$ cat protein.cif   # mmCIF, C-alpha atoms
data_final
loop_
_atom_site.group_PDB
_atom_site.id
_atom_site.type_symbol
_atom_site.label_atom_id
_atom_site.label_comp_id
_atom_site.auth_asym_id
_atom_site.auth_seq_id
_atom_site.Cartn_x
_atom_site.Cartn_y
_atom_site.Cartn_z
ATOM 1 C CA MET A 1 71.815 76.293 17.942
ATOM 2 C CA MET A 2 74.891 76.372 20.113
ATOM 3 C CA THR A 3 76.553 78.723 22.563
ATOM 4 C CA CYS A 4 80.118 79.321 23.696
ATOM 5 C CA SER A 5 80.842 79.996 27.356
ATOM 6 C CA PHE A 6 82.878 83.089 26.354
ATOM 7 C CA GLY A 7 80.646 84.241 23.473
ATOM 8 C CA VAL A 8 77.775 86.700 23.735
ATOM 9 C CA ALA A 9 75.502 85.369 20.974
ATOM 10 C CA PRO A 10 74.269 81.934 19.906
ATOM 11 C CA SER A 11 75.327 80.448 16.605
ATOM 12 C CA ALA A 12 74.090 77.640 14.361
ATOM 13 C CA LEU A 13 76.159 74.585 13.466
ATOM 14 C CA VAL A 14 76.779 74.392 9.719
ATOM 15 C CA VAL A 15 76.906 70.848 8.350
ATOM 16 C CA LEU A 16 77.958 70.399 4.758
ATOM 17 C CA PRO A 17 76.303 67.496 2.878
ATOM 18 C CA ALA A 18 79.682 65.816 2.230
ATOM 19 C CA ASN A 19 78.626 62.495 3.798
ATOM 20 C CA LYS A 20 75.401 62.415 1.775
ATOM 21 C CA VAL A 21 73.464 61.296 4.847
ATOM 22 C CA MET A 22 70.334 63.214 5.747
ATOM 23 C CA ALA A 23 68.438 63.133 9.025
ATOM 24 C CA GLY A 24 65.006 64.719 9.035
ATOM 25 C CA GLY A 25 65.742 66.772 5.903
ATOM 26 C CA VAL A 26 69.090 68.233 7.018
ATOM 27 C CA PRO A 27 72.630 66.836 6.649
ATOM 28 C CA ALA A 28 73.612 64.560 9.534
ATOM 29 C CA ALA A 29 76.578 65.795 11.582
ATOM 30 C CA THR A 30 79.630 63.879 12.777
ATOM 31 C CA ILE A 31 82.245 64.595 15.403
ATOM 32 C CA MET A 32 84.476 65.857 12.588
ATOM 33 C CA ASP A 33 82.195 68.830 11.857
ATOM 34 C CA PHE A 34 84.313 71.200 13.964
ATOM 35 C CA ALA A 35 86.100 73.406 11.411
ATOM 36 C CA PRO A 36 86.203 77.063 12.514
ATOM 37 C CA MET A 37 84.255 79.421 10.255
ATOM 38 C CA VAL A 38 83.107 76.438 8.114
ATOM 39 C CA ASN A 39 81.111 74.429 10.670
ATOM 40 C CA ILE A 40 81.492 76.715 13.695
ATOM 41 C CA PRO A 41 80.485 80.333 12.985
ATOM 42 C CA PRO A 42 81.401 83.188 15.376
ATOM 43 C CA PHE A 43 79.530 83.741 18.640
ATOM 44 C CA GLY A 44 79.423 87.519 18.488
ATOM 45 C CA MET A 45 82.021 88.933 20.861
ATOM 46 C CA CYS A 46 84.600 86.914 22.837
ATOM 47 C CA SER A 47 85.451 87.709 26.451
ATOM 48 C CA SER A 48 88.103 85.011 27.050
ATOM 49 C CA MET A 49 91.255 86.387 28.638
ATOM 50 C CA SER A 50 93.143 83.612 26.804
ATOM 51 C CA ASN A 51 92.244 85.120 23.426
ATOM 52 C CA PRO A 52 95.167 87.252 22.144
ATOM 53 C CA THR A 53 92.866 89.912 20.675
ATOM 54 C CA VAL A 54 91.011 90.267 23.982
ATOM 55 C CA ILE A 55 94.338 90.471 25.833
ATOM 56 C CA ALA A 56 95.558 93.225 23.492
ATOM 57 C CA ALA A 57 92.304 95.211 23.685
ATOM 58 C CA THR A 58 92.245 94.890 27.490
ATOM 59 C CA ALA A 59 95.854 96.097 27.701
ATOM 60 C CA ALA A 60 95.049 99.040 25.430
ATOM 61 C CA ALA A 61 92.113 99.900 27.711
ATOM 62 C CA LEU A 62 94.481 100.006 30.713
ATOM 63 C CA GLY A 63 93.236 96.725 32.178
ATOM 64 C CA VAL A 64 89.513 97.192 31.596
ATOM 65 C CA PRO A 65 88.227 93.843 30.216
ATOM 66 C CA THR A 66 87.409 94.495 26.564
ATOM 67 C CA PRO A 67 85.627 91.831 24.483
ATOM 68 C CA MET A 68 86.654 91.446 20.849
ATOM 69 C CA PRO A 69 84.965 89.801 17.847
ATOM 70 C CA CYS A 70 84.790 86.029 18.151
ATOM 71 C CA ILE A 71 86.911 83.988 15.779
ATOM 72 C CA PRO A 72 86.378 80.334 16.738
ATOM 73 C CA ALA A 73 89.591 78.372 17.282
ATOM 74 C CA THR A 74 88.439 74.765 17.469
ATOM 75 C CA VAL A 75 91.214 72.252 16.867
ATOM 76 C CA ALA A 76 89.821 68.907 18.069
ATOM 77 C CA PRO A 77 86.632 66.957 17.258
ATOM 78 C CA TRP A 78 83.407 67.074 19.241
ATOM 79 C CA THR A 79 83.279 64.782 22.278
ATOM 80 C CA PRO A 80 82.097 62.236 23.138
ATOM 81 C CA GLY A 81 80.177 61.510 19.924
ATOM 82 C CA VAL A 82 77.851 58.561 19.414
ATOM 83 C CA PRO A 83 80.088 55.521 18.778
ATOM 84 C CA THR A 84 77.113 53.250 18.105
ATOM 85 C CA THR A 85 76.016 55.363 15.113
ATOM 86 C CA LYS A 86 78.482 55.867 12.283
ATOM 87 C CA ILE A 87 78.175 58.357 9.441
ATOM 88 C CA GLY A 88 80.883 57.952 6.820
ATOM 89 C CA GLU A 89 82.960 55.896 9.310
ATOM 90 C CA MET A 90 82.838 58.725 11.891
ATOM 91 C CA ASP A 91 80.843 58.838 15.119
ATOM 92 C CA ALA A 92 77.566 60.710 14.797
ATOM 93 C CA LEU A 93 77.034 63.982 16.650
ATOM 94 C CA ASN A 94 74.148 64.534 19.064
ATOM 95 C CA ASN A 95 73.008 67.361 21.300
ATOM 96 C CA SER A 96 74.952 66.133 24.339
ATOM 97 C CA CYS A 97 78.334 66.542 22.620
ATOM 98 C CA SER A 98 80.573 69.516 23.327
ATOM 99 C CA LEU A 99 83.544 71.211 21.719
ATOM 100 C CA THR A 100 86.414 73.189 23.236
ATOM 101 C CA CYS A 101 87.775 76.394 21.757
ATOM 102 C CA MET A 102 91.525 76.974 21.952
ATOM 103 C CA TRP A 103 90.771 80.134 23.977
ATOM 104 C CA GLY A 104 89.065 78.072 26.707
ATOM 105 C CA GLY A 105 85.422 78.348 25.711
ATOM 106 C CA LYS A 106 83.098 75.361 25.904
ATOM 107 C CA ILE A 107 80.716 75.090 22.958
ATOM 108 C CA GLN A 108 77.463 73.262 23.653
ATOM 109 C CA PHE A 109 74.142 72.768 21.951
ATOM 110 C CA THR A 110 71.152 74.693 23.278
ATOM 111 C CA ALA A 111 68.559 73.587 20.731
ATOM 112 C CA PRO A 112 68.955 70.752 18.242
ATOM 113 C CA ALA A 113 67.903 71.425 14.665
ATOM 114 C CA GLN A 114 66.961 67.766 14.359
ATOM 115 C CA THR A 115 64.188 66.408 16.538
ATOM 116 C CA THR A 116 62.817 63.472 14.539
ATOM 117 C CA VAL A 117 65.898 61.200 14.436
ATOM 118 C CA MET A 118 67.513 59.990 17.662
ATOM 119 C CA VAL A 119 71.162 58.824 17.658
#

$ encode --input "protein.cif" --output "structure tokens"
Amino acid sequence: MMTCSFGVAPSALVVLPANKVMAGGVPAATIMDFAPMVNIPPFGMCSSMSNPTVIAATAAALGVPTPMPCIPATVAPWTPGVPTTKIGEMDALNNSCSLTCMWGGKIQFTAPAQTTVMV
């Protein structure tokens, strides 16, 4: 499970089995698992004043901050990754990695789905 600093609900990372590497019965994630709506589902509502939909809704509400539905806008890989563990030539992902949304939100893990394999 992960949260976004501007989202109102947690969301679960989605890892496709493209690398064919499993860890504890689930596909192992890499720093490249950051695609919006594929790997990173919405976090409920977004309250970032950098998000154009939030800006528009706030303007329409005469300046009253108005959250809008979250549409993740992640454009760069997770950081820092685990350079000592490679999965398909990419750094592995662990629960201390974070991701930045284009609207300024910081996405972090709150509960790992994998607890039997340490990377």

$ resolve_selection --input "protein.cif" --expression "the PyMOL selection byres ((chain A and resi 65) around 10)" --output "PyMOL selection string"
chain A and resi 47-49+54-64+66-68

$ atom_distance --input "protein.cif" --atom1 "CA of Met22 in chain A" --atom2 "CA of Ala35 in chain A"
19.6 Å

$ resolve_selection --input "protein.cif" --expression "the PyMOL selection byres ((chain A and resi 30) around 7)" --output "short mmCIF file (atom, residue, chain, number, x, y, z; two decimals) with C-alpha atoms, in the frame of the given file"
data_model
loop_
_atom_site.label_atom_id
_atom_site.label_comp_id
_atom_site.auth_asym_id
_atom_site.auth_seq_id
_atom_site.Cartn_x
_atom_site.Cartn_y
_atom_site.Cartn_z
CA ALA A 28 73.61 64.56 9.53
CA ALA A 29 76.58 65.80 11.58
CA ILE A 31 82.24 64.60 15.40
CA MET A 32 84.48 65.86 12.59
CA ASP A 33 82.20 68.83 11.86
CA ILE A 87 78.18 58.36 9.44
CA MET A 90 82.84 58.72 11.89
CA ASP A 91 80.84 58.84 15.12
CA ALA A 92 77.57 60.71 14.80
CA LEU A 93 77.03 63.98 16.65
#

$ residues_around --input "protein.cif" --residues "Asn39 in chain A" --least-positions-apart "3" --cutoff "7 Å" --atoms "all atoms listed in the file" --output "list in words"
Leu13, Val14, Val15, Asp33, Phe34, Ala35 and Pro36 of chain A

$ residues_around --input "protein.cif" --residues "Phe109 in chain A" --least-positions-apart "6" --cutoff "12 Å" --atoms "only C-alpha atoms" --output "PyMOL selection string"
chain A and resi 1-5+10-13+40+78+93-99

$ closest_residue --input "protein.cif" --among "A:Pro17, A:Pro42, A:Gly24, A:Pro112" --to "Cys70 in chain A" --atoms "all atoms listed in the file"
A:Pro42

$ closest_residue --input "protein.cif" --among "A:Ala23, A:Met37, A:Val82, A:Ala73" --to "Lys106 in chain A" --atoms "all atoms listed in the file"
A:Ala73

$ resolve_selection --input "protein.cif" --expression "the PyMOL selection byres ((chain A and resi 44) around 7)" --output "MDAnalysis selection string"
chainID A and resid 7:9 42:43 45:46 69:70

$ atom_distance --input "protein.cif" --atom1 "CA of Thr100 in chain A" --atom2 "CA of Pro80 in chain A"
11.8 Å

$ atom_distance --input "protein.cif" --atom1 "CA of Ile107 in chain A" --atom2 "CA of Ile71 in chain A"
13.0 Å
